[in-house]
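Colleague: The structure follows.
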Amino acid sequence: MSAPAATTNNWTMAKALNEGMRKSMELDPKVVIMGEDVGKLGGVFRITDGLQKDFGEDRVIDTPLAESAIIGTAVGLAIRGYRPVCEIQFDGFVFPGFDQIVSQVAKFHNRSAGLVKMPITIRIPSGGGIGAVEHHSESVETYFAHTAGLKVVACSTPSDAYWMIQEAIADDDPVIFIEPKRLYHAARADIEAAPTPLYEARIVRPGQHVTVAGYGPTMSTLLESAKAAAEDGIELEVIDLRSVSPLDMPTVVESVRRTGRLIVVHEAPQSFGVGAEIAARVTEQAFYSLEAPVLRVTGYDTPYPPSRLEHEWLPNLDRVLDAVDKIMEY
Amino acid sequence: MSAPAATTNNWTMAKALNEGMRKSMELDPKVVIMGEDVGKLGGVFRITDGLQKDFGEDRVIDTPLAESAIIGTAVGLAIRGYRPVCEIQFDGFVFPGFDQIVSQVAKFHNRSAGLVKMPITIRIPSGGGIGAVEHHSESVETYFAHTAGLKVVACSTPSDAYWMIQEAIADDDPVIFIEPKRLYHAARADIEAAPTPLYEARIVRPGQHVTVAGYGPTMSTLLESAKAAAEDGIELEVIDLRSVSPLDMPTVVESVRRTGRLIVVHEAPQSFGVGAEIAARVTEQAFYSLEAPVLRVTGYDTPYPPSRLEHEWLPNLDRVLDAVDKIMEY
Amino acid sequence: MSEHVLAVHPEPDLVQLLTPEGQRVEHPDYPLDITDDEISALYRDLVLVRRIDTEAIALQRQGELGLWASLLGQEAAQIGSGRALKGHDMAFPTYREHGVAWCRGVDPLTLLGLFRGTNLGGFDPREHNFNLYTIVIGAQTLHAAGYAMGVVRDGAVGTGDPQRDTAVLAFFGDGASSQGDVNEAFVWAGAGNLPVVFFCQNNQWAISEPVTTQSRVPLFQRASGFGFAGVRVDGNDVLACLAVTRKALDHARNAQGPTLIEAFTYRMNPHTTNDDTRRYRLGSEVETWKLKDPIERVRAYLTRVAGFDHTFFEKVEEEAKALAEHVRSGCRALPDPTPESVFDNVHVTMSDELREQRSEFVDFVSEVSA
Amino acid sequence: MSEHVLAVHPEPDLVQLLTPEGQRVEHPDYPLDITDDEISALYRDLVLVRRIDTEAIALQRQGELGLWASLLGQEAAQIGSGRALKGHDMAFPTYREHGVAWCRGVDPLTLLGLFRGTNLGGFDPREHNFNLYTIVIGAQTLHAAGYAMGVVRDGAVGTGDPQRDTAVLAFFGDGASSQGDVNEAFVWAGAGNLPVVFFCQNNQWAISEPVTTQSRVPLFQRASGFGFAGVRVDGNDVLACLAVTRKALDHARNAQGPTLIEAFTYRMNPHTTNDDTRRYRLGSEVETWKLKDPIERVRAYLTRVAGFDHTFFEKVEEEAKALAEHVRSGCRALPDPTPESVFDNVHVTMSDELREQRSEFVDFVSEVSA
Ligand SMILES: Cc1ncc(C[n+]2csc(CCOP(=O)(O)OP(=O)(O)O)c2C)c(N)n1
Ligand SMILES: Cc1ncc(C[n+]2csc(CCOP(=O)(O)OP(=O)(O)O)c2C)c(N)n1
Ligand SMILES: [Mg+2]
Ligand SMILES: [Mg+2]
């Protein structure tokens, strides 16, 4: 991994991801990018823009249209010593590749008694809020977090995007890389000079009353909520989990020990979601510190709604503040 | 649905499932069974034994070998007015059909604004403990429970098996039907005269000190544990959840209000599993009643181990009793 | 036989019955018995569905639709195949078969909800025997195979009764041909001798990927290895598409099994309104295909050969205008769904836990908006 | 050319070089340059792998293995194809390719852990260029295609350097031919002109389902629609399997693309030791295939034509006995894994949370056993 040149500040997340992958490709000739439309088009979100031009069709591969094969051939490439980065075009289209991910990618290292590595990164533009049609706004992280052998991370800022994609690619384990698509072009930011370790959470705003934890697409909502709550005198401590699996529980638990209250926020449906796991662990690890049960502000247990309703359905400022009110009443 | 003849008592679970499906097929000519080897062979576990002989190859269909197509064609059959019962040969082989399940089966009714029903039952012989090779001992219920639009149930006794399979097939919604394969031939039992409603939990042993909740394959372990604990003067209240999604929380919460303590047990890996969801909900709904955090006794966050190690890995009597000790110490 | 047919067929591997210049040609395997009036009706279809498409694109630009997948260039493939269907046949579209929907009698407004974001489809596939649009590439081909299994089990093939014998038509694209699901559908159809016709619109592109990314051999050849016939048809020739699909559907209805039809056509517009073709294809390619326009050749035939005059074309133009107005105003009038409707139809029977989420949500929405 | 070859080929659609009666025949497309000594080496392979299989079945009956998937009847397909590989080629087996493993130099004991339940494979595929057994039907064909992509990217095809040019051999069964993954592997191989040979052992059965459940046409025909050649070979003829696979692998190494080989053979035993064939197939079918035994014909050739005498056969028998003893005692001596090893190799870098689970588990196990 390496830091960006001084001139490379003020990037969008899209640009940061692109530059991060470029660095990875420069540093390691075994890194190959593959997926649908990743070549000339640069991906439907242009995240791989220009990479085929610069690294050639052998390293940035427009594949035929089949996700199982995109993942399955990545496994074969990994056995041959490559380090594939697979792009899944949209969250909802990862499922045809699900078998290869959970039964092969996740398990191969273990099945080979640790003799073969699966340094595969699976990038998934994820989540809602962009007014898309069905299957284009899903939050699929929980499926992978529940699968032993995979790691699951989500970036929420350009700087994290830049560093995390490089760390994920450099990781010898398979990483599901969740990219919050609605933040791709949301805001420009400077790139930090060095990365935060990939599997560590980060307190992005300190506060003493309620801990609020999220990742990826919901982080901007959490920061807004913290500002709004502060006006009412309630200080939210906002944690960007960054890694969904493994979870950085020490950071979360330490915070909850101080605040006594935790709200977890994600877009995926509530039931059997990431919030449940965090609630279970925090309750176990900080039982006597909790002033209130862990609350969850999440997608509902319905299919992702038609886009005209997505803003009501998604965790939004109002819903987070409502949960803050509720948790303060305990 | 209908009750078995008086002579049909003392059945194994395998027999009960077979007789249940037979009843469903007799009552509704639209019920068709499909899967790999379900015909002449009667399935690798013989659960469909004799059904093709009696109902014909048109209604008990040996399909080509592809799970995505087994599910995908079931969707088409459902649109045409059929009520398909799909057998997945082993838990680990449901994943090639995952896309059709989560993106089509689960969503079709919703996408059609409620105009088309998807009365599909997907039977999955599940869980470990039979000394099998890899991919034959997985617990996949959480993936489906996290998917809106699906219902997930698990039987643990011959009587439930007999009734629940009929109720699942009769349900107009898609049901993932988890069959604990190691109980298929474990014990014979009488069939009750009438069913317990499909989505209700059942207190299978009352007790006042600790509530222990499980489903499917772990129920026999829980009952054993309750017996053993009773010898030490600790009375476990054992709940068979029966339905994983929806969860019958009123039954669980009512019990926990009395006992103040809950242990959830399942074979699936712990993280992001069913135990997490129950812990989160119980903590939210019975916060002030809890004397201790909800504890989980589950599979570990590893791939299912080679069979020589499965008995240590699986939730077993010792592990449950250990958790009982632990929870009583709070 | 049609009234004006030339004797020679120009390209034996590509079934063509009407040249780009508007000349009727014959193909030995696909005689088409059609009157000029019937051809004029197809012309009307072509023009009207193109107009629906044009309006939808405009509505997308105006922000009334979130997205649109244009059928421009593929009208003949869709009208030809769509008009080959009988009412009781069943069609399984992708997200681009607006022309087929038209043939099935589906009001174009019914299609707009998905693209406007007011619903996820929201109609009953059995009303017009036209399935919901399917976005997950290839998934619908298995639904078609399954539906065809149902048809067989209902005894609705090979009876000789034209009111009863039923065929299924499954649409997919050149890109989709690579998906496991599509090939599994071929396995099922071939092994089960199912009454299903696979209609692949090879429009040369899957978003930015040319068809050569998917296959180095023509797609229609895929069928033979699964045990059924494949045929390539000029997808810009509505008569050829009609004749070839009709024959294949008849085959299916007669219990003679599946067929794969590759309609060789071209996606004249970007993949969707989100796409930018300049990154991956040359304008000159589009220009070449313009010369093969599916409407122009019918118009040429009707004018030069069949002697239709301006009154006919003006009448169609009037109709198109009215239809455009229907689409425009109808789209704007499409009601927004109520927030709480997201909880409807998750299941046939709503669970208590979802009912709770719903009531919390309803309280919350009314609180916020109060 | 071999020393004793008949001129006429009996069945043009099925490549055969050695009849069930032990007569050498020629096939115009597959000349095989082989000495009788080389044939005798193949005989030895066939006998030895059958003995491994016999022993493993016995070990399963004795409770030493949880399961075994017998290769009985498929020895020629596996030895023929396995011996066609060069050391630096790569093979991707299913769960039944014990004969191929043998050809790759894999100690049979290495294969037993999976079936004994002491590991999940547990070897390095690169050690003998033989992948881990893959149980999920068809999955390995995509791994093979991906590996072949790597070979191409490494510049290890079409160089003309025999030490460098590399081919990949992917095994699968007749049942597997229906899986999406296998067909996607065909798409990738065809579109990418990959150096991969697909070797389908059509042993007529997928557990209880006859091959006709999967396809109504011969499986080797599947290839042409994906843009490469398919060939059917007598899977009980080790010479034909060798010749056909050798040619296909050469083709692949020379950057001439993939081939699908259908080895027409028969699964003489139940699917696995768990299976009961009486429910679905006739003993007479098995009897018919016994007449085509892959070993008998080589023995007949060696005895009647090549003049090998009992000393040779006895020597092979001795070797087989020694091997059997190796398998028997080696299997019993396979160490049980330590409980805590379930936490090893979940990841390359163990996470803290897993480390915690591990230490709890270790404490627990020692507590219980204390
Ligand atoms: C399983 C899946 N993967 C990816 C996509 C994204 N996607 C939408 S359309 C498309 C290209 C489809 O090409 P083709 O099948 O030729 O149909 P066309 O759009 O040309 O009509 C892709 C990759 C999807 N919808 N589903
Ligand atoms: C995806 C998947 N589905 C189902 C199975 C269960 N299963 C194991 S072997 C087998 C039959 C395979 O038949 P075939 O491909 O002909 O290989 P053979 O066993 O005859 O060598 C089945 C259905 C599996 N292993 N993987
Ligand atoms: Mg296309
Ligand atoms: Mg077989």
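Note on naming: chains are A, B, ... as they come in the structure tokens, residues start from 1 per chain, ligands start from 1 in the order shown.
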Name the residues, by chain letter and number, that sit within 8 Å of ligand 3 using only C-alpha atoms and all ligand atoms, and give them as a PyMOL selection string.
Modeller: chain C and resi 173-176+201-207+211+267
Colleague: Please extract the residues at most 12 Å from ligand 4, counting only C-alpha atoms and all ligand atoms, and provide them as a short mmCIF file (atom, residue, chain, number, x, y, z; two decimals) with N, CA, C and O atoms, in the first residue's frame, using the chain letters and residue numbers of this document.
Modeller:
data_model
loop_
_atom_site.label_atom_id
_atom_site.label_comp_id
_atom_site.auth_asym_id
_atom_site.auth_seq_id
_atom_site.Cartn_x
_atom_site.Cartn_y
_atom_site.Cartn_z
N PRO B 64 -33.36 -32.93 -13.31
CA PRO B 64 -31.92 -32.88 -13.58
C PRO B 64 -31.21 -32.23 -12.37
O PRO B 64 -31.86 -31.65 -11.49
N LEU B 65 -29.90 -32.32 -12.38
CA LEU B 65 -29.12 -31.95 -11.21
C LEU B 65 -28.73 -30.46 -11.22
O LEU B 65 -27.66 -30.10 -11.67
N ALA D 69 -16.65 -43.18 -2.18
CA ALA D 69 -17.25 -43.10 -3.51
C ALA D 69 -16.39 -43.95 -4.43
O ALA D 69 -15.26 -43.59 -4.77
N SER D 70 -16.93 -45.08 -4.82
CA SER D 70 -16.14 -46.07 -5.55
C SER D 70 -15.95 -45.68 -7.01
O SER D 70 -16.84 -45.12 -7.65
N LEU D 71 -14.78 -46.01 -7.54
CA LEU D 71 -14.52 -45.74 -8.96
C LEU D 71 -14.69 -47.00 -9.81
O LEU D 71 -14.40 -46.97 -11.01
N GLY D 73 -15.19 -49.61 -12.32
CA GLY D 73 -15.72 -49.50 -13.69
C GLY D 73 -15.17 -48.29 -14.42
O GLY D 73 -15.21 -48.23 -15.65
N GLN D 74 -14.67 -47.33 -13.67
CA GLN D 74 -14.21 -46.09 -14.28
C GLN D 74 -12.69 -45.97 -14.29
O GLN D 74 -12.14 -44.90 -14.54
N THR D 94 -13.56 -34.32 -9.14
CA THR D 94 -14.74 -34.33 -8.26
C THR D 94 -14.30 -35.07 -7.00
O THR D 94 -13.18 -34.85 -6.52
N TYR D 95 -15.12 -35.96 -6.52
CA TYR D 95 -14.85 -36.74 -5.31
C TYR D 95 -14.56 -38.19 -5.65
O TYR D 95 -14.49 -39.03 -4.77
N ARG D 96 -14.48 -38.50 -6.97
CA ARG D 96 -14.40 -39.91 -7.35
C ARG D 96 -13.11 -40.22 -8.10
O ARG D 96 -12.88 -41.35 -8.53
N ILE D 137 -21.42 -30.16 -6.64
CA ILE D 137 -21.39 -30.62 -8.03
C ILE D 137 -21.11 -29.49 -9.02
O ILE D 137 -21.84 -28.50 -9.06
N GLY D 138 -20.07 -29.65 -9.78
CA GLY D 138 -19.79 -28.73 -10.88
C GLY D 138 -18.91 -27.55 -10.52
O GLY D 138 -18.32 -26.92 -11.40
N PHE D 171 -12.64 -32.44 -14.28
CA PHE D 171 -13.50 -33.63 -14.25
C PHE D 171 -14.91 -33.27 -13.78
O PHE D 171 -15.08 -32.40 -12.93
N PHE D 172 -15.87 -33.97 -14.31
CA PHE D 172 -17.24 -33.86 -13.78
C PHE D 172 -18.04 -35.05 -14.29
O PHE D 172 -17.57 -35.81 -15.13
N GLY D 173 -19.23 -35.17 -13.75
CA GLY D 173 -20.06 -36.33 -14.09
C GLY D 173 -21.20 -35.98 -15.03
O GLY D 173 -21.43 -34.82 -15.36
N ASP D 174 -21.91 -37.01 -15.44
CA ASP D 174 -23.07 -36.79 -16.32
C ASP D 174 -24.11 -35.93 -15.60
O ASP D 174 -24.70 -35.04 -16.20
N GLY D 175 -24.34 -36.20 -14.33
CA GLY D 175 -25.31 -35.39 -13.60
C GLY D 175 -24.89 -33.94 -13.55
O GLY D 175 -25.70 -33.02 -13.76
N ALA D 176 -23.62 -33.72 -13.32
CA ALA D 176 -23.09 -32.36 -13.21
C ALA D 176 -23.31 -31.54 -14.46
O ALA D 176 -23.34 -30.31 -14.40
N SER D 177 -23.47 -32.22 -15.60
CA SER D 177 -23.61 -31.46 -16.85
C SER D 177 -24.82 -30.53 -16.82
O SER D 177 -24.91 -29.61 -17.61
N SER D 178 -25.75 -30.78 -15.90
CA SER D 178 -26.95 -29.93 -15.83
C SER D 178 -26.74 -28.67 -14.99
O SER D 178 -27.58 -27.76 -15.04
N CYS D 200 -15.80 -35.40 -18.94
CA CYS D 200 -17.04 -35.84 -18.32
C CYS D 200 -17.08 -37.36 -18.28
O CYS D 200 -17.11 -38.01 -19.32
N GLN D 201 -17.04 -37.92 -17.09
CA GLN D 201 -17.24 -39.35 -16.98
C GLN D 201 -18.74 -39.62 -16.93
O GLN D 201 -19.38 -39.47 -15.89
N ASN D 202 -19.28 -39.96 -18.09
CA ASN D 202 -20.69 -40.34 -18.13
C ASN D 202 -20.76 -41.79 -17.69
O ASN D 202 -20.59 -42.70 -18.50
N ASN D 203 -21.00 -41.95 -16.39
CA ASN D 203 -21.09 -43.31 -15.86
C ASN D 203 -22.55 -43.77 -15.80
O ASN D 203 -22.91 -44.65 -15.05
N GLN D 204 -23.37 -43.10 -16.58
CA GLN D 204 -24.78 -43.45 -16.81
C GLN D 204 -25.70 -43.10 -15.66
O GLN D 204 -26.92 -43.12 -15.82
N TRP D 205 -25.17 -42.77 -14.52
CA TRP D 205 -26.01 -42.53 -13.35
C TRP D 205 -25.52 -41.34 -12.54
O TRP D 205 -24.32 -41.13 -12.38
N ALA D 206 -26.48 -40.58 -12.05
CA ALA D 206 -26.23 -39.57 -11.03
C ALA D 206 -27.04 -40.03 -9.82
O ALA D 206 -28.25 -39.86 -9.79
N ILE D 207 -26.38 -40.66 -8.92
CA ILE D 207 -27.06 -41.42 -7.86
C ILE D 207 -28.11 -42.31 -8.52
O ILE D 207 -27.73 -43.24 -9.24
N SER D 208 -29.40 -42.00 -8.35
CA SER D 208 -30.44 -42.90 -8.88
C SER D 208 -30.98 -42.46 -10.23
O SER D 208 -31.90 -43.07 -10.76
N GLU D 209 -30.45 -41.36 -10.74
CA GLU D 209 -31.03 -40.81 -11.98
C GLU D 209 -30.20 -41.23 -13.19
O GLU D 209 -29.01 -40.95 -13.26
N PRO D 210 -30.86 -41.85 -14.15
CA PRO D 210 -30.14 -42.22 -15.37
C PRO D 210 -29.78 -40.96 -16.16
O PRO D 210 -30.40 -39.91 -15.99
N VAL D 211 -28.80 -41.08 -17.01
CA VAL D 211 -28.34 -39.90 -17.74
C VAL D 211 -29.45 -39.29 -18.59
O VAL D 211 -29.46 -38.09 -18.87
N THR D 212 -30.44 -40.07 -18.94
CA THR D 212 -31.56 -39.54 -19.73
C THR D 212 -32.36 -38.50 -18.95
O THR D 212 -33.09 -37.71 -19.55
N THR D 213 -32.25 -38.50 -17.65
CA THR D 213 -32.91 -37.44 -16.88
C THR D 213 -32.23 -36.10 -17.15
O THR D 213 -32.87 -35.05 -17.07
N GLN D 214 -30.96 -36.13 -17.44
CA GLN D 214 -30.20 -34.90 -17.66
C GLN D 214 -30.28 -34.43 -19.11
O GLN D 214 -30.26 -33.23 -19.37
N LEU D 219 -23.99 -36.23 -24.36
CA LEU D 219 -23.43 -35.07 -23.66
C LEU D 219 -22.28 -34.40 -24.41
O LEU D 219 -22.10 -33.19 -24.30
N GLU D 262 -16.43 -36.75 -23.52
CA GLU D 262 -17.40 -37.55 -22.77
C GLU D 262 -16.88 -38.99 -22.75
O GLU D 262 -16.82 -39.64 -23.81
N ALA D 263 -16.48 -39.44 -21.58
CA ALA D 263 -16.02 -40.82 -21.46
C ALA D 263 -17.22 -41.68 -21.10
O ALA D 263 -17.80 -41.54 -20.02
N PHE D 264 -17.60 -42.53 -22.04
CA PHE D 264 -18.80 -43.35 -21.90
C PHE D 264 -18.43 -44.57 -21.08
O PHE D 264 -17.72 -45.46 -21.55
N THR D 265 -18.89 -44.60 -19.84
CA THR D 265 -18.46 -45.65 -18.93
C THR D 265 -19.61 -46.06 -18.03
O THR D 265 -20.77 -45.78 -18.35
N TYR D 266 -19.31 -46.68 -16.95
CA TYR D 266 -20.37 -47.18 -16.09
C TYR D 266 -19.91 -47.25 -14.64
O TYR D 266 -18.79 -47.68 -14.36
N ARG D 267 -20.80 -46.78 -13.77
CA ARG D 267 -20.53 -46.85 -12.33
C ARG D 267 -20.98 -48.23 -11.85
O ARG D 267 -22.17 -48.47 -11.67
N MET D 268 -20.02 -49.15 -11.69
CA MET D 268 -20.38 -50.53 -11.36
C MET D 268 -20.91 -50.67 -9.95
O MET D 268 -21.74 -51.53 -9.66
N ASN D 269 -20.43 -49.85 -9.06
CA ASN D 269 -20.85 -49.92 -7.66
C ASN D 269 -21.97 -48.92 -7.39
O ASN D 269 -22.29 -48.08 -8.22
N PRO D 270 -22.55 -49.00 -6.20
CA PRO D 270 -23.47 -47.93 -5.80
C PRO D 270 -22.77 -46.58 -5.83
O PRO D 270 -21.54 -46.51 -5.86
N HIS D 271 -23.58 -45.51 -5.83
CA HIS D 271 -23.05 -44.15 -5.90
C HIS D 271 -21.97 -43.93 -4.84
O HIS D 271 -20.88 -43.44 -5.14
N THR D 272 -22.30 -44.23 -3.62
CA THR D 272 -21.32 -44.27 -2.54
C THR D 272 -21.67 -45.47 -1.69
O THR D 272 -22.67 -46.15 -1.94
#
Colleague: Near chain A, meaning an atom within 10 Å, which residues of chain D appear when counting only C-alpha atoms? Write them as a PyMOL selection string.
Modeller: chain D and resi 90+92+114+119-127+131-136+139-154+180-185+187-188+191-192+341-354
Colleague: Give me, as a compact mmCIF listing (two decimals) with N, CA, C and O atoms, in the first residue's frame, the residues of range 217-274 of chain C that a backbone DSSP run labels strand (DSSP E).
Modeller:
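Result went into states.txt, see below:
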# COMPACT_ATOMS: atom_id res chain seq x y z
N ALA C 229 -33.77 -27.51 -31.52
CA ALA C 229 -33.34 -26.73 -32.67
C ALA C 229 -33.10 -25.28 -32.30
O ALA C 229 -33.74 -24.72 -31.42
N GLY C 230 -32.15 -24.68 -33.01
CA GLY C 230 -31.90 -23.26 -32.89
C GLY C 230 -31.99 -22.63 -34.26
O GLY C 230 -31.65 -23.26 -35.26
N VAL C 231 -32.44 -21.40 -34.30
CA VAL C 231 -32.57 -20.73 -35.60
C VAL C 231 -32.25 -19.25 -35.40
O VAL C 231 -32.57 -18.67 -34.37
N ARG C 232 -31.59 -18.68 -36.40
CA ARG C 232 -31.29 -17.25 -36.34
C ARG C 232 -32.21 -16.53 -37.32
O ARG C 232 -32.31 -16.91 -38.47
N VAL C 233 -32.83 -15.50 -36.82
CA VAL C 233 -33.77 -14.76 -37.64
C VAL C 233 -33.33 -13.30 -37.67
O VAL C 233 -32.72 -12.81 -36.72
N ASP C 234 -33.63 -12.66 -38.78
CA ASP C 234 -33.39 -11.22 -38.87
C ASP C 234 -34.31 -10.53 -37.86
O ASP C 234 -35.52 -10.45 -38.08
N THR C 259 -37.61 -24.66 -28.83
CA THR C 259 -36.78 -24.08 -29.90
C THR C 259 -36.06 -22.87 -29.29
O THR C 259 -36.61 -22.21 -28.42
N LEU C 260 -34.86 -22.65 -29.77
CA LEU C 260 -34.17 -21.40 -29.44
C LEU C 260 -34.16 -20.52 -30.67
O LEU C 260 -33.68 -20.93 -31.74
N ILE C 261 -34.70 -19.34 -30.53
CA ILE C 261 -34.67 -18.37 -31.62
C ILE C 261 -33.70 -17.26 -31.25
O ILE C 261 -33.82 -16.68 -30.16
N GLU C 262 -32.75 -17.02 -32.11
CA GLU C 262 -31.87 -15.87 -31.91
C GLU C 262 -32.29 -14.78 -32.89
O GLU C 262 -32.15 -14.94 -34.11
N ALA C 263 -32.85 -13.72 -32.36
CA ALA C 263 -33.24 -12.60 -33.22
C ALA C 263 -32.06 -11.64 -33.30
O ALA C 263 -31.68 -11.02 -32.31
N PHE C 264 -31.51 -11.58 -34.48
CA PHE C 264 -30.30 -10.79 -34.70
C PHE C 264 -30.72 -9.34 -34.92
O PHE C 264 -31.29 -8.99 -35.95
Colleague: Ranking B:Gly127, B:Ile47, B:Leu17, B:Glu134 by minimum distance to ligand 2 and counting only C-alpha atoms and all ligand atoms, which one comes first?
Modeller: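 Smallest separation from ligand 2 among the options: B:Glu134.
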Colleague: Measuring between only C-alpha atoms, which one of A:Ala280, A:Ile33, A:Leu317, A:Leu236 shows the shortest distance to chain B?
Modeller: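 Nearest to chain B: A:Ala280.
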Colleague: Quick one, how far is CA of Val140 in chain B from atom 24 (C, counted along the ligand's line) of ligand 2?
Modeller: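 One can read the CA of Val140 in chain B to atom 24 (C, counted along the ligand's line) of ligand 2 distance as 15.5 Å.
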Colleague: Can you list every residue in range 62-241 of chain B that DSSP puts in alpha helix (DSSP H), as a PyMOL selection string?
Modeller: chain B and resi 67-79+98-99+108-111+141-145+158-170+219-231
Colleague: Please report as a PyMOL selection string which residues of chain B come no farther than 6 Å from chain A, using only C-alpha atoms.
Modeller: chain B and resi 95-96+99+143+146+148+271-272+276-277+279-280+283-284+293+301-303
Colleague: Let's have the selection written as a PDB file, in the first residue's frame, with C-alpha atoms.
Modeller:
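New file result.pdb:
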ATOM      1  CA  PHE B  95     -26.674 -22.310  -2.259  1.00  0.00           C
ATOM      2  CA  PRO B  96     -26.735 -22.781  -6.036  1.00  0.00           C
ATOM      3  CA  ASP B  99     -30.603 -16.465  -5.947  1.00  0.00           C
ATOM      4  CA  TYR B 143     -29.729 -16.834   5.653  1.00  0.00           C
ATOM      5  CA  HIS B 146     -32.834 -12.663   7.311  1.00  0.00           C
ATOM      6  CA  ALA B 148     -37.960 -10.805   4.006  1.00  0.00           C
ATOM      7  CA  SER B 271     -22.207 -14.724  14.885  1.00  0.00           C
ATOM      8  CA  PHE B 272     -25.136 -13.127  13.134  1.00  0.00           C
ATOM      9  CA  ALA B 276     -28.393 -12.960  18.233  1.00  0.00           C
ATOM     10  CA  GLU B 277     -31.835 -11.955  17.042  1.00  0.00           C
ATOM     11  CA  ALA B 279     -31.110 -12.038  22.379  1.00  0.00           C
ATOM     12  CA  ALA B 280     -31.704  -8.606  20.873  1.00  0.00           C
ATOM     13  CA  THR B 283     -33.384  -7.782  25.811  1.00  0.00           C
ATOM     14  CA  GLU B 284     -35.508  -5.091  24.254  1.00  0.00           C
ATOM     15  CA  PRO B 293     -27.523 -11.427  29.511  1.00  0.00           C
ATOM     16  CA  ASP B 301     -17.622 -19.235  13.776  1.00  0.00           C
ATOM     17  CA  THR B 302     -15.728 -21.757  11.705  1.00  0.00           C
ATOM     18  CA  PRO B 303     -16.598 -23.907   8.729  1.00  0.00           C
TER      19      PRO B 303
END
